[in-house]
Amino acid sequence: MIQFTQDKTVLFDFEKGCNISNWQITNDTVMGGISSSQIYLNDAGNGVFTGMVSTDNNGGFAMTRYPLSVDFNSSSKFIELRVKGDNKKYQLRLKSNRYQRYWHIQTFKTSNTWEIIKIPLEDFYASFRGYRLDIDNFSGNKIKEIAILIGNKKDEKFKLEIDYISVN
């Protein structure tokens, strides 16, 4: 669900009745961990990414990701999210090529009230499996996949409500 306006490209707008079937879950179970998560629409039409992160079996992360294909205005400077969190830190992740193995990532902290979080695109740095790479920070105008990950190196329940994600 990509919408374009003069100043903003909405990457995904959660709303009642929208199709979230392309949002995929990837937890640490891919490497033997036991974390669990899900994404669903609540009665208000917001996306809810929720679950339990466990560090057992060398695990410790949960992620939801969404493939898309967006070319946005090269004058865009920020990723914007409207979220209601749980006072925990999350990562927003971007890929400019769906087949690249690394992500460009940036951390954001949530509060337990609705807020708009703006993250400069130029602040997204390249990372692979938790290691910062010697690759330039995000500088393109294409996004092929977005993801939200929680992995704070501790056992914890989490819940993040998402209204929209956009590029401004």
# chains A, B, ... in the order shown; residues from 1 in each chain; ligands from 1
>>> select_by_dssp(residues="stretch 79-143 of chain A", states="strand (DSSP E or B)", output="PyMOL selection string")
chain A and resi 79-84+89-95+103-109+114-120+125-128+131-132+142-143
>>> select_by_dssp(residues="stretch 54-131 of chain A", states="helix (DSSP H, G or I)", output="PDB file with N, CA and C atoms, in the first residue's frame")
ATOM      1  N   ASP A  56      17.523 -17.523  25.193  1.00  0.00           N
ATOM      2  CA  ASP A  56      17.851 -18.950  25.284  1.00  0.00           C
ATOM      3  C   ASP A  56      18.344 -19.474  23.936  1.00  0.00           C
ATOM      4  N   ASN A  57      19.210 -20.460  23.973  1.00  0.00           N
ATOM      5  CA  ASN A  57      19.759 -21.110  22.767  1.00  0.00           C
ATOM      6  C   ASN A  57      20.476 -20.119  21.853  1.00  0.00           C
ATOM      7  N   ASN A  58      21.125 -19.121  22.442  1.00  0.00           N
ATOM      8  CA  ASN A  58      21.866 -18.097  21.691  1.00  0.00           C
ATOM      9  C   ASN A  58      20.969 -17.264  20.788  1.00  0.00           C
ATOM     10  N   LEU A 121      17.588   9.660   6.827  1.00  0.00           N
ATOM     11  CA  LEU A 121      18.022   8.557   5.960  1.00  0.00           C
ATOM     12  C   LEU A 121      19.537   8.371   6.004  1.00  0.00           C
ATOM     13  N   GLU A 122      20.264   9.478   6.058  1.00  0.00           N
ATOM     14  CA  GLU A 122      21.727   9.394   6.044  1.00  0.00           C
ATOM     15  C   GLU A 122      22.303   8.756   7.311  1.00  0.00           C
ATOM     16  N   ASP A 123      21.481   8.585   8.351  1.00  0.00           N
ATOM     17  CA  ASP A 123      21.944   7.960   9.596  1.00  0.00           C
ATOM     18  C   ASP A 123      21.842   6.435   9.580  1.00  0.00           C
TER      19      ASP A 123
END
>>> closest_residue(among="A:Ser74, A:Thr50, A:Ser111, A:Ser127", to="A:Ser37", atoms="only C-alpha atoms")
A:Thr50
>>> closest_residue(among="A:Ile39, A:Leu68, A:Ile25, A:Leu160", to="A:Phe108", atoms="only C-alpha atoms")
A:Leu160
>>> closest_atom_pairs(of="stretch 72-131 of chain A", to="stretch 145-156 of chain A", cutoff="9 Å", atoms="only C-alpha atoms", output="CSV")
residue,atom,partner,partner_atom,distance
A:Lys88,CA,A:Asn152,CA,8.4
A:Lys89,CA,A:Ile150,CA,6.9
A:Tyr90,CA,A:Ile150,CA,4.8
A:Gln91,CA,A:Leu149,CA,5.1
A:Leu92,CA,A:Ile148,CA,4.8
A:Arg93,CA,A:Ala147,CA,4.9
A:Leu94,CA,A:Ile146,CA,4.7
A:Lys95,CA,A:Glu145,CA,5.1
A:Ser96,CA,A:Glu145,CA,7.1
A:Asn97,CA,A:Glu145,CA,7.7
A:Arg98,CA,A:Glu145,CA,6.3
>>> atom_distance(atom1="atom CA of A:Asp13", atom2="atom CA of A:Ser69")
15.1 Å
>>> closest_residue(among="A:Val53, A:Ala44, A:Ile165, A:Ile105", to="A:Ala126", atoms="only C-alpha atoms")
A:Ile105
>>> closest_residue(among="A:Ser35, A:Asn87, A:Asn73, A:Asn42", to="A:Asn168", atoms="only C-alpha atoms")
A:Asn73
>>> residues_around(residues="A:Arg129", least_positions_apart="5", cutoff="12 Å", atoms="only C-alpha atoms", output="mmCIF file with C-alpha atoms, in the first residue's frame")
data_model
loop_
_atom_site.group_PDB
_atom_site.id
_atom_site.type_symbol
_atom_site.label_atom_id
_atom_site.label_comp_id
_atom_site.auth_asym_id
_atom_site.auth_seq_id
_atom_site.Cartn_x
_atom_site.Cartn_y
_atom_site.Cartn_z
ATOM 1 C CA ASP A 28 15.736 -16.152 15.987
ATOM 2 C CA MET A 31 19.292 -20.068 14.161
ATOM 3 C CA GLY A 59 18.769 -16.313 20.379
ATOM 4 C CA GLY A 60 17.476 -12.864 21.107
ATOM 5 C CA PHE A 61 15.547 -11.195 18.285
ATOM 6 C CA ARG A 101 22.512 -9.732 2.600
ATOM 7 C CA TYR A 102 23.014 -6.696 4.814
ATOM 8 C CA TRP A 103 20.537 -4.087 6.045
ATOM 9 C CA HIS A 104 20.869 -0.370 6.634
ATOM 10 C CA ILE A 105 19.683 0.062 10.214
ATOM 11 C CA LEU A 149 13.445 -5.695 14.717
ATOM 12 C CA GLY A 151 16.829 -7.474 19.958
#
>>> closest_residue(among="A:Phe78, A:Tyr99, A:Tyr131, A:Tyr40", to="A:Phe14", atoms="only C-alpha atoms")
A:Tyr40
